[in-house]
>>> print(open('target09.txt').read())   # compact mmCIF, C-alpha atoms and all ligand atoms
# COMPACT_ATOMS: atom_id res chain seq x y z
CA MET K 21 -19.28 34.40 0.38
CA THR K 22 -17.35 31.18 0.38
CA ALA K 23 -13.59 31.38 0.51
CA THR K 24 -11.99 30.03 -2.61
CA LEU K 25 -8.44 29.11 -3.45
CA ASP K 26 -9.04 30.76 -6.81
CA LYS K 27 -7.94 34.24 -5.73
CA ASP K 28 -7.83 36.11 -9.04
CA THR K 29 -11.37 35.47 -10.25
CA ASP K 30 -13.35 38.63 -10.67
CA THR K 31 -16.73 37.00 -10.47
CA GLU K 32 -18.20 36.60 -7.03
CA THR K 33 -18.31 32.95 -6.05
CA GLN K 34 -21.76 31.82 -5.15
CA ALA K 35 -22.44 30.71 -1.63
CA GLY K 36 -22.00 26.96 -1.31
CA ALA K 37 -19.94 26.66 -4.47
CA ILE K 38 -17.15 24.11 -4.46
CA PRO K 39 -13.75 25.78 -4.19
CA SER K 40 -11.62 25.44 -7.27
CA PHE K 41 -7.86 25.59 -7.56
CA GLU K 42 -5.02 25.08 -9.99
CA VAL K 43 -3.15 21.78 -9.95
CA THR K 44 -0.14 20.66 -11.89
CA ILE K 45 -0.07 16.96 -12.64
CA LYS K 46 3.26 15.49 -13.67
CA VAL K 47 2.62 12.17 -15.39
CA ARG K 48 5.22 9.58 -16.33
CA ARG K 49 4.42 8.66 -19.91
CA PHE K 50 5.64 5.60 -21.78
CA ILE K 51 4.52 4.92 -25.32
CA PRO K 52 6.42 1.90 -26.64
CA GLU K 53 5.34 2.56 -30.27
CA ASN K 54 7.12 5.93 -30.22
CA SER K 55 10.13 5.42 -28.01
CA ASP K 56 11.75 3.03 -25.57
CA GLU K 57 12.28 5.90 -23.16
CA PRO K 58 9.67 7.00 -20.66
CA TYR K 59 9.30 10.76 -20.19
CA TRP K 60 7.56 13.25 -17.91
CA GLU K 61 4.66 15.40 -19.02
CA GLN K 62 3.03 18.24 -17.09
CA HIS K 63 -0.55 19.42 -17.25
CA THR K 64 -1.96 22.36 -15.33
CA LEU K 65 -5.66 22.08 -14.71
CA THR K 66 -8.39 23.88 -12.82
CA MET K 67 -9.94 21.35 -10.47
CA TYR K 68 -12.38 21.35 -7.57
CA GLY K 69 -12.19 20.37 -3.93
CA THR K 70 -14.29 17.28 -4.63
CA ASP K 71 -12.04 16.04 -7.44
CA ARG K 72 -9.80 13.02 -7.20
CA VAL K 73 -6.61 12.17 -9.07
CA LEU K 74 -8.78 10.04 -11.35
CA ASP K 75 -10.83 13.12 -12.29
CA ALA K 76 -7.65 14.97 -13.20
CA LEU K 77 -6.53 12.04 -15.38
CA HIS K 78 -9.98 11.99 -17.02
CA LYS K 79 -9.81 15.71 -17.67
CA ILE K 80 -6.41 15.33 -19.35
CA LYS K 81 -7.57 12.37 -21.41
CA TRP K 82 -10.96 13.80 -22.39
CA GLU K 83 -9.99 17.43 -22.97
CA THR K 84 -6.26 17.68 -23.72
CA ASP K 85 -4.54 14.48 -24.72
CA GLY K 86 -6.52 11.40 -25.66
CA THR K 87 -3.40 9.25 -25.83
CA LEU K 88 -2.95 9.23 -22.05
CA THR K 89 -3.59 5.63 -21.05
CA PHE K 90 -4.68 4.32 -17.67
CA ARG K 91 -6.96 1.65 -16.24
CA ARG K 92 -10.11 2.32 -14.29
CA SER K 93 -13.48 0.72 -14.09
CA CYS K 94 -15.73 1.35 -11.11
CA ALA K 95 -14.19 4.71 -10.14
CA HIS K 96 -15.30 4.04 -6.55
CA GLY K 97 -12.54 1.98 -4.96
CA ILE K 98 -14.18 -1.40 -5.50
CA CYS K 99 -12.70 -2.95 -8.62
CA GLY K 100 -9.01 -2.34 -7.90
CA SER K 101 -8.14 -1.22 -11.43
CA ASP K 102 -6.43 2.09 -10.85
CA ALA K 103 -3.65 1.58 -8.34
CA ILE K 104 -0.93 4.06 -9.28
CA ARG K 105 2.05 5.68 -7.62
CA ILE K 106 1.06 9.18 -6.50
CA ASN K 107 3.79 11.34 -4.99
CA GLY K 108 5.79 8.18 -4.34
CA ARG K 109 2.98 6.31 -2.57
CA ASN K 110 0.74 3.64 -4.02
CA ARG K 111 -2.86 4.82 -4.03
CA LEU K 112 -6.10 4.27 -5.92
CA ALA K 113 -6.52 7.26 -8.24
CA CYS K 114 -10.27 7.08 -7.56
CA LYS K 115 -9.90 7.36 -3.77
CA THR K 116 -7.28 10.10 -3.57
CA LEU K 117 -8.57 13.66 -3.38
CA LEU K 118 -6.39 16.25 -5.09
CA LYS K 119 -6.83 18.70 -2.23
CA ASP K 120 -5.19 16.19 0.16
CA LEU K 121 -2.01 16.17 -1.93
CA ASN K 122 -0.94 19.77 -1.26
CA PRO K 123 -1.52 20.91 -4.85
CA ASP K 124 -0.17 24.37 -3.92
CA LYS K 125 3.23 22.84 -3.05
CA GLY K 126 4.44 21.78 -6.48
CA PRO K 127 3.23 19.24 -9.01
CA ILE K 128 1.47 16.01 -8.13
CA ILE K 129 3.62 13.18 -9.45
CA VAL K 130 1.78 10.29 -11.05
CA GLU K 131 3.60 7.12 -12.12
CA PRO K 132 2.74 3.49 -12.83
CA ILE K 133 3.14 1.14 -9.85
CA LYS K 134 6.65 -0.29 -9.56
CA GLY K 135 7.98 -3.80 -10.05
CA LEU K 136 5.62 -4.89 -12.84
CA PRO K 137 6.40 -4.38 -16.55
CA VAL K 138 4.86 -1.18 -17.93
CA VAL K 139 2.69 -1.81 -20.97
CA LYS K 140 1.84 1.82 -21.70
CA ASP K 141 1.75 4.99 -19.59
CA LEU K 142 0.09 4.02 -16.29
CA ILE K 143 -0.84 0.49 -17.33
CA VAL K 144 1.33 -2.34 -16.05
CA ASP K 145 1.24 -6.04 -16.90
CA MET K 146 -0.55 -7.58 -13.91
CA GLU K 147 0.05 -11.17 -15.03
CA PRO K 148 3.01 -11.93 -12.67
CA PHE K 149 0.89 -10.58 -9.82
CA PHE K 150 -2.13 -12.74 -10.70
CA ALA K 151 0.11 -15.76 -11.30
CA SER K 152 1.32 -15.63 -7.68
CA TYR K 153 -2.29 -15.17 -6.57
CA ARG K 154 -3.38 -18.30 -8.47
CA GLU K 155 -0.49 -20.29 -7.01
CA ILE K 156 -1.77 -20.00 -3.44
CA MET K 157 -5.10 -21.58 -4.53
CA PRO K 158 -7.56 -18.78 -3.69
CA PHE K 159 -10.63 -21.00 -3.42
CA LEU K 160 -12.32 -23.11 -0.76
CA ILE K 161 -10.80 -26.58 -0.39
CA THR K 162 -12.88 -29.19 1.43
CA SER K 163 -13.17 -32.95 1.66
CA GLY K 164 -16.00 -35.40 2.27
CA ASN K 165 -19.64 -34.97 1.41
CA GLN K 166 -21.07 -31.56 0.82
CA PRO K 167 -23.39 -30.42 3.57
CA SER K 168 -27.04 -30.19 2.51
CA LYS K 169 -27.22 -26.57 3.71
CA GLU K 170 -24.51 -23.97 4.33
CA ARG K 171 -21.12 -24.64 5.93
CA ILE K 172 -21.68 -23.36 9.43
CA GLN K 173 -19.24 -20.92 10.98
CA SER K 174 -19.47 -18.94 14.20
CA ALA K 175 -19.15 -15.16 14.26
CA GLU K 176 -15.79 -15.54 16.03
CA GLN K 177 -14.51 -17.95 13.39
CA ARG K 178 -15.57 -15.54 10.66
CA GLU K 179 -13.92 -12.66 12.49
CA ARG K 180 -10.57 -14.48 12.49
CA PHE K 181 -9.94 -13.77 8.80
CA ASP K 182 -12.30 -10.84 8.27
CA ASP K 183 -9.52 -8.36 7.56
CA THR K 184 -8.02 -10.31 4.67
CA THR K 185 -11.39 -10.81 2.94
CA LYS K 186 -11.32 -7.13 2.00
CA CYS K 187 -8.63 -7.43 -0.68
CA ILE K 188 -9.58 -6.07 -4.12
CA LEU K 189 -6.39 -7.29 -5.86
CA CYS K 190 -5.31 -3.81 -6.93
CA ALA K 191 -1.60 -4.70 -6.42
CA ALA K 192 -0.90 -1.53 -4.43
CA CYS K 193 0.70 -3.60 -1.64
CA THR K 194 2.79 -5.97 -3.74
CA SER K 195 4.10 -3.14 -5.93
CA SER K 196 5.02 -1.06 -2.86
CA CYS K 197 7.26 -3.81 -1.50
CA PRO K 198 11.00 -3.16 -1.95
CA VAL K 199 11.68 -6.90 -1.95
CA PHE K 200 9.27 -7.32 -4.87
CA TRP K 201 10.93 -4.43 -6.76
CA THR K 202 14.26 -6.26 -6.96
CA ASP K 203 12.95 -9.82 -6.87
CA GLY K 204 9.91 -10.24 -9.10
CA GLN K 205 9.78 -13.91 -8.13
CA TYR K 206 8.70 -13.04 -4.57
CA PHE K 207 5.06 -14.08 -4.02
CA GLY K 208 4.38 -10.64 -2.57
CA PRO K 209 1.98 -9.36 0.11
CA ALA K 210 -1.24 -9.74 -1.89
CA ALA K 211 -0.74 -13.47 -2.51
CA ILE K 212 0.03 -13.99 1.19
CA VAL K 213 -3.02 -11.95 2.26
CA ASN K 214 -5.26 -14.07 0.06
CA ALA K 215 -3.68 -17.27 1.37
CA HIS K 216 -4.31 -15.95 4.89
CA ARG K 217 -7.97 -15.51 3.99
CA PHE K 218 -8.31 -19.28 3.51
CA ILE K 219 -5.65 -20.58 5.94
CA PHE K 220 -7.57 -19.06 8.85
CA ASP K 221 -11.04 -19.93 7.52
CA SER K 222 -12.48 -22.69 9.73
CA ARG K 223 -14.40 -24.16 6.76
CA ASP K 224 -11.29 -24.61 4.64
CA GLU K 225 -9.07 -27.71 4.70
CA GLY K 226 -6.26 -26.57 2.42
CA ALA K 227 -4.17 -24.73 5.02
CA THR K 228 -1.33 -27.26 4.96
CA GLN K 229 -1.00 -27.09 1.19
CA ARG K 230 -1.01 -23.30 1.20
CA LEU K 231 1.57 -23.10 3.98
CA GLU K 232 3.67 -25.57 2.01
CA ILE K 233 3.47 -23.36 -1.10
CA LEU K 234 4.42 -20.21 0.80
CA ASN K 235 7.23 -21.93 2.73
CA ASP K 236 9.41 -21.19 -0.28
CA LYS K 237 12.62 -19.25 -0.75
CA GLU K 238 10.38 -16.73 -2.53
CA GLY K 239 7.61 -17.06 0.05
CA VAL K 240 6.76 -15.43 3.38
CA TRP K 241 10.34 -15.51 4.70
CA ARG K 242 11.28 -12.96 2.07
CA CYS K 243 9.17 -10.37 3.98
CA ARG K 244 11.34 -7.85 5.84
CA THR K 245 8.45 -6.15 7.69
CA THR K 246 8.93 -2.73 6.10
CA PHE K 247 5.18 -2.03 6.43
CA ASN K 248 5.03 -0.39 2.97
CA CYS K 249 2.20 -2.78 2.09
CA THR K 250 0.10 -1.90 5.13
CA GLU K 251 0.61 1.79 4.37
CA ALA K 252 -0.36 1.32 0.72
CA CYS K 253 -3.52 -0.80 1.12
CA PRO K 254 -6.56 1.24 0.03
CA ARG K 255 -8.82 -1.09 2.02
CA GLY K 256 -6.88 -0.61 5.25
CA ILE K 257 -5.96 -4.28 5.54
CA GLU K 258 -3.21 -4.91 8.10
CA VAL K 259 -1.11 -6.62 5.47
CA THR K 260 2.16 -6.92 7.37
CA LYS K 261 0.32 -8.40 10.36
CA ALA K 262 -1.34 -11.00 8.13
CA ILE K 263 2.06 -12.00 6.73
CA GLN K 264 3.47 -12.45 10.24
CA GLU K 265 0.43 -14.59 11.18
CA VAL K 266 1.18 -16.87 8.24
CA LYS K 267 4.85 -17.08 9.37
CA ARG K 268 3.69 -18.03 12.85
CA ALA K 269 1.39 -20.73 11.47
CA MET K 270 4.36 -22.19 9.60
CA ILE K 271 6.53 -22.25 12.72
CA ARG K 272 3.69 -23.89 14.70
CA ARG K 273 3.39 -26.52 12.01
CA ALA K 274 7.13 -27.29 12.14
CA PHE K 275 7.13 -27.89 15.92
CA MET D 20 11.17 -10.63 -42.65
CA THR D 21 9.54 -11.97 -39.55
CA ALA D 22 10.15 -10.35 -36.22
CA ASN D 23 10.39 -12.51 -33.14
CA ILE D 24 7.56 -11.55 -30.84
CA ASP D 25 6.89 -13.20 -27.49
CA ASN D 26 3.57 -14.95 -27.36
CA PRO D 27 1.36 -12.22 -25.87
CA ARG D 28 -0.91 -14.83 -24.27
CA ALA D 29 1.94 -16.79 -22.67
CA PRO D 30 1.17 -17.05 -18.96
CA TYR D 31 3.79 -15.91 -16.48
CA VAL D 32 5.48 -18.88 -14.82
CA ARG D 33 7.51 -19.18 -11.65
CA LYS D 34 11.09 -19.89 -12.67
CA LYS D 35 11.72 -22.52 -10.05
CA ILE D 36 9.82 -23.86 -7.05
CA THR D 37 12.17 -23.65 -4.06
CA ARG D 38 10.09 -25.04 -1.20
CA SER D 39 12.05 -25.98 1.91
CA ASN D 40 12.35 -25.12 5.57
CA PHE D 41 15.74 -23.47 4.98
CA GLU D 42 14.52 -19.87 5.08
CA MET D 43 12.32 -20.63 8.09
CA TRP D 44 15.30 -21.96 10.06
CA GLY D 45 17.32 -18.96 8.92
CA TRP D 46 14.59 -16.63 10.18
CA LEU D 47 14.34 -18.44 13.52
CA PHE D 48 18.12 -18.55 13.87
CA MET D 49 18.39 -14.75 13.45
CA ARG D 50 16.06 -14.28 16.41
CA GLY D 51 17.48 -17.08 18.58
CA SER D 52 21.11 -16.12 18.00
CA GLY D 53 20.19 -12.45 18.46
CA VAL D 54 18.92 -13.11 22.00
CA ILE D 55 22.04 -15.13 22.92
CA LEU D 56 24.32 -12.51 21.32
CA VAL D 57 22.86 -9.79 23.55
CA VAL D 58 24.14 -11.72 26.59
CA LEU D 59 27.46 -12.72 25.01
CA ILE D 60 28.32 -9.31 23.52
CA PHE D 61 27.33 -7.20 26.51
CA GLY D 62 28.98 -9.69 28.89
CA HIS D 63 32.12 -9.46 26.75
CA LEU D 64 32.05 -5.67 26.69
CA PHE D 65 31.40 -5.47 30.43
CA VAL D 66 34.25 -7.80 31.40
CA ASN D 67 36.75 -6.24 29.00
CA LEU D 68 35.91 -2.57 29.37
CA MET D 69 34.20 -1.95 32.72
CA VAL D 70 35.41 -4.39 35.39
CA GLY D 71 38.37 -3.19 37.52
CA GLU D 72 40.57 -0.66 35.73
CA GLY D 73 38.59 -1.26 32.58
CA VAL D 74 40.09 -0.90 29.15
CA ASN D 75 43.54 0.03 30.52
CA ARG D 76 44.06 -3.55 31.66
CA ILE D 77 43.94 -5.00 28.18
CA ASP D 78 47.32 -6.28 27.04
CA PHE D 79 48.85 -9.57 25.95
CA ALA D 80 48.75 -10.94 29.48
CA PHE D 81 45.04 -10.10 29.85
CA VAL D 82 44.10 -11.87 26.63
CA GLY D 83 46.46 -14.76 27.36
CA GLY D 84 44.96 -15.13 30.82
CA LYS D 85 41.41 -15.17 29.51
CA TRP D 86 42.12 -17.79 26.85
CA ALA D 87 43.84 -20.03 29.36
CA SER D 88 40.42 -20.55 30.92
CA PRO D 89 38.03 -23.02 29.22
CA PHE D 90 35.12 -20.79 30.28
CA TRP D 91 36.31 -17.79 28.25
CA GLN D 92 37.41 -20.06 25.43
CA MET D 93 33.85 -21.36 25.10
CA TRP D 94 32.38 -17.86 25.53
CA ASP D 95 34.51 -16.40 22.77
CA LEU D 96 34.08 -19.43 20.52
CA LEU D 97 30.30 -19.24 20.84
CA MET D 98 30.36 -15.49 20.26
CA LEU D 99 32.55 -15.91 17.20
CA TRP D 100 30.42 -18.61 15.62
CA LEU D 101 27.05 -17.11 16.42
CA ALA D 102 28.02 -13.58 15.37
CA MET D 103 29.61 -14.85 12.16
CA ILE D 104 26.70 -17.07 11.16
CA HIS D 105 24.23 -14.36 12.18
CA GLY D 106 26.10 -11.59 10.38
CA THR D 107 26.73 -13.68 7.28
CA ASN D 108 23.11 -14.76 7.06
CA GLY D 109 22.07 -11.12 7.52
CA VAL D 110 24.33 -9.94 4.71
CA ARG D 111 23.12 -12.84 2.56
CA THR D 112 19.59 -11.50 3.02
CA ILE D 113 20.73 -8.00 2.11
CA ILE D 114 22.42 -9.31 -1.05
CA ASN D 115 19.20 -11.11 -1.99
CA ASP D 116 17.32 -7.87 -1.38
CA TYR D 117 19.51 -5.53 -3.37
CA ALA D 118 21.35 -7.47 -6.09
CA GLU D 119 19.12 -7.79 -9.13
CA LYS D 120 21.29 -9.87 -11.44
CA HIS D 121 22.10 -13.51 -10.75
CA VAL D 122 25.78 -12.90 -11.55
CA THR D 123 26.04 -10.02 -9.08
CA ARG D 124 24.36 -12.13 -6.41
CA ALA D 125 26.70 -15.05 -7.06
CA ILE D 126 29.87 -12.94 -6.96
CA LEU D 127 28.87 -11.11 -3.77
CA LYS D 128 27.94 -14.38 -2.06
CA ILE D 129 31.21 -16.06 -3.01
CA GLY D 130 33.04 -13.09 -1.44
CA LEU D 131 30.82 -13.25 1.65
CA TYR D 132 31.18 -16.98 2.24
CA SER D 133 34.96 -16.82 1.67
CA ALA D 134 35.26 -14.10 4.31
CA PHE D 135 33.09 -16.20 6.64
CA ILE D 136 35.21 -19.33 6.27
CA LEU D 137 38.48 -17.42 6.65
CA THR D 138 37.37 -15.59 9.81
CA VAL D 139 35.76 -18.57 11.50
CA VAL D 140 38.66 -20.94 10.77
CA LEU D 141 41.33 -18.46 11.86
CA GLY D 142 39.36 -17.38 14.94
CA THR D 143 38.70 -20.94 16.07
CA LEU D 144 42.33 -21.85 15.51
CA VAL D 145 43.56 -18.92 17.58
CA ILE D 146 41.14 -19.56 20.47
CA PHE D 147 42.33 -23.17 20.82
CA THR D 148 46.02 -22.90 19.97
CA PHE D 149 46.85 -19.62 21.68
CA ASP D 150 50.05 -19.99 23.72
CA PRO D 151 49.86 -17.64 26.72
CA CYS D 152 53.51 -18.32 27.67
CA PRO D 153 55.66 -18.14 24.52
CA ALA D 154 59.32 -19.10 25.13
CA ASN D 155 61.90 -16.29 25.50
CA ALA D 156 59.28 -13.57 26.02
CA PRO D 157 59.98 -10.86 28.64
CA ALA D 158 58.31 -12.02 31.86
CA ASP D 159 56.61 -8.67 32.60
CA LEU D 160 54.44 -9.00 29.48
CA LEU D 161 53.16 -12.49 30.30
CA PRO D 162 50.29 -13.63 32.50
CA SER D 163 51.22 -14.28 36.14
CA PHE D 164 50.85 -18.07 35.89
CA CYS D 165 53.67 -18.53 33.34
C1 LIG Y 301 23.42 -7.66 19.94
C2 LIG Y 301 22.67 -8.68 19.64
C3 LIG Y 301 21.99 -8.83 18.29
C4 LIG Y 301 20.64 -8.96 18.11
C5 LIG Y 301 19.55 -8.98 19.18
C6 LIG Y 301 20.39 -9.09 16.67
C7 LIG Y 301 19.15 -9.31 16.10
C8 LIG Y 301 18.92 -9.38 14.75
C9 LIG Y 301 17.68 -9.77 14.11
C10 LIG Y 301 16.40 -10.17 14.84
C11 LIG Y 301 17.85 -9.71 12.77
C12 LIG Y 301 16.83 -10.05 11.69
C13 LIG Y 301 16.17 -8.83 11.12
C14 LIG Y 301 15.17 -9.19 10.03
O1 LIG Y 301 14.88 -10.38 9.81
O2 LIG Y 301 14.66 -8.27 9.39
C15 LIG Y 301 19.21 -9.26 12.54
C16 LIG Y 301 19.76 -9.02 11.30
C17 LIG Y 301 21.09 -8.78 11.08
N1 LIG Y 301 22.10 -8.82 12.03
FE1 LIG Y 301 21.86 -8.92 14.00
N2 LIG Y 301 21.59 -9.03 16.02
C18 LIG Y 301 22.60 -8.85 16.97
C19 LIG Y 301 23.98 -8.78 16.73
C20 LIG Y 301 24.54 -8.75 15.47
C21 LIG Y 301 25.99 -8.78 15.21
C22 LIG Y 301 27.08 -8.88 16.28
C23 LIG Y 301 26.14 -8.69 13.86
C24 LIG Y 301 27.40 -8.68 13.03
C25 LIG Y 301 28.29 -9.65 13.10
C26 LIG Y 301 24.81 -8.60 13.27
C27 LIG Y 301 24.54 -8.49 11.92
C28 LIG Y 301 23.29 -8.53 11.37
C29 LIG Y 301 23.03 -8.31 9.96
C30 LIG Y 301 24.06 -7.98 8.89
C31 LIG Y 301 21.65 -8.46 9.81
C32 LIG Y 301 20.86 -8.29 8.51
C33 LIG Y 301 20.33 -6.89 8.46
C34 LIG Y 301 18.88 -6.85 8.29
O3 LIG Y 301 18.20 -7.89 8.35
O4 LIG Y 301 18.37 -5.75 8.07
N3 LIG Y 301 23.86 -8.65 14.29
N4 LIG Y 301 19.83 -9.08 13.75
S1 LIG Y 302 -11.52 2.46 -10.54
FE1 LIG Y 302 -12.22 0.71 -9.43
S2 LIG Y 302 -10.89 0.77 -7.68
FE2 LIG Y 302 -10.52 2.70 -8.59
>>> encode(input="target09.txt", output="structure tokens")
Amino acid sequence: MTATLDKDTDTETQAGAIPSFEVTIKVRRFIPENSDEPYWEQHTLTMYGTDRVLDALHKIKWETDGTLTFRRSCAHGICGSDAIRINGRNRLACKTLLKDLNPDKGPIIVEPIKGLPVVKDLIVDMEPFFASYREIMPFLITSGNQPSKERIQSAEQRERFDDTTKCILCAACTSSCPVFWTDGQYFGPAAIVNAHRFIFDSRDEGATQRLEILNDKEGVWRCRTTFNCTEACPRGIEVTKAIQEVKRAMIRRAF
Amino acid sequence: MTANIDNPRAPYVRKKITRSNFEMWGWLFMRGSGVILVVLIFGHLFVNLMVGEGVNRIDFAFVGGKWASPFWQMWDLLMLWLAMIHGTNGVRTIINDYAEKHVTRAILKIGLYSAFILTVVLGTLVIFTFDPCPANAPADLLPSFC
């Protein structure tokens, strides 16, 4: 017999069955049509060891309260739609297993990510975030004639910026940054990570322009190395390190 | 009646582009001055508190004697200026980090810069105009060279 967390079931659990348990999800709701005040709402659900926070949100939306609003698309940590604040940490709802959140030790707290205007419930307005992203020119900049075949790059040259190619623009890093919380004009970690991706790409020729853009009062120097962004990144990008590498490139350029 | 609604398709725009090397120099200065301050502050503490009889020696004559020497004048002047610029720039950063409203930021910074100017001006004045041998003072309180 498999051990289950569900102690008071009379029926024998079948061998190999997935353990189920009770979780309480405490969601921060905000419905601007009804009230200007956000409020907390609790749901207690029976979930399984293989379930993620996203599954709990689905269960609430599909079975209890269809008004609960959140973004998700791929449900597999690729599209970057469902970054939310779970127990005070920014996570993708689709990559966070409920069983890893100590569901037996009180409710799991689910809020929208901080620092961006909340549109409804868990949905925030991502436009300021994408605006900063567009400002750093996230595309290849070259000059001269196009090569007839590919732009050649060695494995080492590709490795130089490999880490920052992994960004899925979920905003978990930028909305975990305390500087961004109080100063929405700060470019934020994600914009710097995506600038890093091109600044250190040997095929790209726009490094100077990008360094110029980020050498702003609201640019890289605003970073206080709190490491919240590195901790929050669902792709494991060393965000803080990338920001410091951009700072170093700026200092090199000045001397 | 027509309600005023913001254009929902209006793109977000950066309020002001503030590109300059100012913040970079500030960042470098914090590190550079930090390294020099380690030497200055611990040298200062060592000489004042540890050498000889230590803290018990400190009196008017001790301070007067130190500031009669150009070496200690320069040491203390450098320590004053570096610590004040370093500390003020640090608090400026903290104000930028925590104050959300422009008015709050402005008021706090006016207070900060006023305190900076007052301290640096007074400190510099004292270091250079300090009279170790004021007239009519009891001789046992004065440095030996008076
Ligand atoms: C003993 C030698 C010192 C060293 C090595 C040092 C080093 C530093 C460094 C590197 C920073 C920048 C931190 C950052 O950018 O995040 C900093 C910040 C700061 N320093 Fe110093 N410092 C020293 C002495 C002082 C003194 C004497 C004062 C006060 C007059 C002071 C006040 C500050 C303040 C207020 C900040 C801003 C706080 C912060 O950034 O979190 N420091 N210090
Ligand atoms: S739903 Fe696509 S990243 Fe989570």
>>> closest_atom_pairs(input="target09.txt", of="chain K", to="ligand LIG 302 (chain Y)", cutoff="10 Å", atoms="all atoms listed in the file", output="tab-separated table")
residue	atom	partner	partner_atom	distance
K:Leu74	CA	Y:LIG302	FE2	8.0
K:Arg91	CA	Y:LIG302	S1	7.3
K:Arg92	CA	Y:LIG302	S1	4.0
K:Ser93	CA	Y:LIG302	S1	4.4
K:Cys94	CA	Y:LIG302	FE1	3.9
K:Ala95	CA	Y:LIG302	S1	3.5
K:His96	CA	Y:LIG302	FE2	5.4
K:Gly97	CA	Y:LIG302	S2	3.4
K:Ile98	CA	Y:LIG302	S2	4.5
K:Cys99	CA	Y:LIG302	FE1	3.8
K:Gly100	CA	Y:LIG302	S2	3.6
K:Ser101	CA	Y:LIG302	FE1	4.9
K:Asp102	CA	Y:LIG302	FE2	4.7
K:Ala103	CA	Y:LIG302	FE2	7.0
K:Ile104	CA	Y:LIG302	FE2	9.7
K:Arg111	CA	Y:LIG302	FE2	9.2
K:Leu112	CA	Y:LIG302	FE2	5.4
K:Ala113	CA	Y:LIG302	FE2	6.1
K:Cys114	CA	Y:LIG302	FE2	4.5
K:Lys115	CA	Y:LIG302	FE2	6.7
K:Thr116	CA	Y:LIG302	FE2	9.5
K:Ile188	CA	Y:LIG302	S2	7.8
K:Leu189	CA	Y:LIG302	S2	9.4
K:Cys190	CA	Y:LIG302	S2	7.3
K:Pro254	CA	Y:LIG302	S2	8.9
>>> closest_residue(input="target09.txt", among="D:Ala102, D:Leu59, D:Ile129, D:Leu47", to="ligand LIG 301 (chain Y)", atoms="only C-alpha atoms and all ligand atoms")
D:Ala102
>>> residues_near_ligand(input="target09.txt", ligand="ligand LIG 301 (chain Y)", cutoff="12 Å", atoms="all atoms listed in the file", output="compact mmCIF listing (two decimals) with C-alpha atoms, keeping the file's coordinate frame")
# COMPACT_ATOMS: atom_id res chain seq x y z
CA VAL K 199 11.68 -6.90 -1.95
CA VAL K 240 6.76 -15.43 3.38
CA TRP K 241 10.34 -15.51 4.70
CA ARG K 242 11.28 -12.96 2.07
CA CYS K 243 9.17 -10.37 3.98
CA ARG K 244 11.34 -7.85 5.84
CA THR K 245 8.45 -6.15 7.69
CA THR K 246 8.93 -2.73 6.10
CA PHE K 247 5.18 -2.03 6.43
CA GLN K 264 3.47 -12.45 10.24
CA GLU D 42 14.52 -19.87 5.08
CA MET D 43 12.32 -20.63 8.09
CA TRP D 44 15.30 -21.96 10.06
CA GLY D 45 17.32 -18.96 8.92
CA TRP D 46 14.59 -16.63 10.18
CA LEU D 47 14.34 -18.44 13.52
CA PHE D 48 18.12 -18.55 13.87
CA MET D 49 18.39 -14.75 13.45
CA ARG D 50 16.06 -14.28 16.41
CA GLY D 51 17.48 -17.08 18.58
CA SER D 52 21.11 -16.12 18.00
CA GLY D 53 20.19 -12.45 18.46
CA VAL D 54 18.92 -13.11 22.00
CA ILE D 55 22.04 -15.13 22.92
CA LEU D 56 24.32 -12.51 21.32
CA VAL D 57 22.86 -9.79 23.55
CA VAL D 58 24.14 -11.72 26.59
CA LEU D 59 27.46 -12.72 25.01
CA ILE D 60 28.32 -9.31 23.52
CA PHE D 61 27.33 -7.20 26.51
CA GLY D 62 28.98 -9.69 28.89
CA HIS D 63 32.12 -9.46 26.75
CA LEU D 64 32.05 -5.67 26.69
CA LEU D 97 30.30 -19.24 20.84
CA MET D 98 30.36 -15.49 20.26
CA LEU D 99 32.55 -15.91 17.20
CA TRP D 100 30.42 -18.61 15.62
CA LEU D 101 27.05 -17.11 16.42
CA ALA D 102 28.02 -13.58 15.37
CA MET D 103 29.61 -14.85 12.16
CA ILE D 104 26.70 -17.07 11.16
CA HIS D 105 24.23 -14.36 12.18
CA GLY D 106 26.10 -11.59 10.38
CA THR D 107 26.73 -13.68 7.28
CA ASN D 108 23.11 -14.76 7.06
CA GLY D 109 22.07 -11.12 7.52
CA VAL D 110 24.33 -9.94 4.71
CA ARG D 111 23.12 -12.84 2.56
CA THR D 112 19.59 -11.50 3.02
CA ILE D 113 20.73 -8.00 2.11
CA ILE D 114 22.42 -9.31 -1.05
CA ASN D 115 19.20 -11.11 -1.99
CA ASP D 116 17.32 -7.87 -1.38
CA TYR D 117 19.51 -5.53 -3.37
CA LEU D 131 30.82 -13.25 1.65
CA PHE D 135 33.09 -16.20 6.64
CA THR D 138 37.37 -15.59 9.81
CA VAL D 139 35.76 -18.57 11.50
>>> interface_residues(input="target09.txt", of="chain K", to="chain D", cutoff="6 Å", atoms="only C-alpha atoms", output="JSON, numbers by chain")
{"K": [148, 199, 202, 235, 236, 237]}
>>> write_last_selection(input="target09.txt", atoms="C-alpha atoms", output="mmCIF file, in the frame of the given file")
data_model
loop_
_atom_site.group_PDB
_atom_site.id
_atom_site.type_symbol
_atom_site.label_atom_id
_atom_site.label_comp_id
_atom_site.auth_asym_id
_atom_site.auth_seq_id
_atom_site.Cartn_x
_atom_site.Cartn_y
_atom_site.Cartn_z
ATOM 1 C CA PRO K 148 3.010 -11.930 -12.670
ATOM 2 C CA VAL K 199 11.680 -6.900 -1.950
ATOM 3 C CA THR K 202 14.260 -6.260 -6.960
ATOM 4 C CA ASN K 235 7.230 -21.930 2.730
ATOM 5 C CA ASP K 236 9.410 -21.190 -0.280
ATOM 6 C CA LYS K 237 12.620 -19.250 -0.750
#
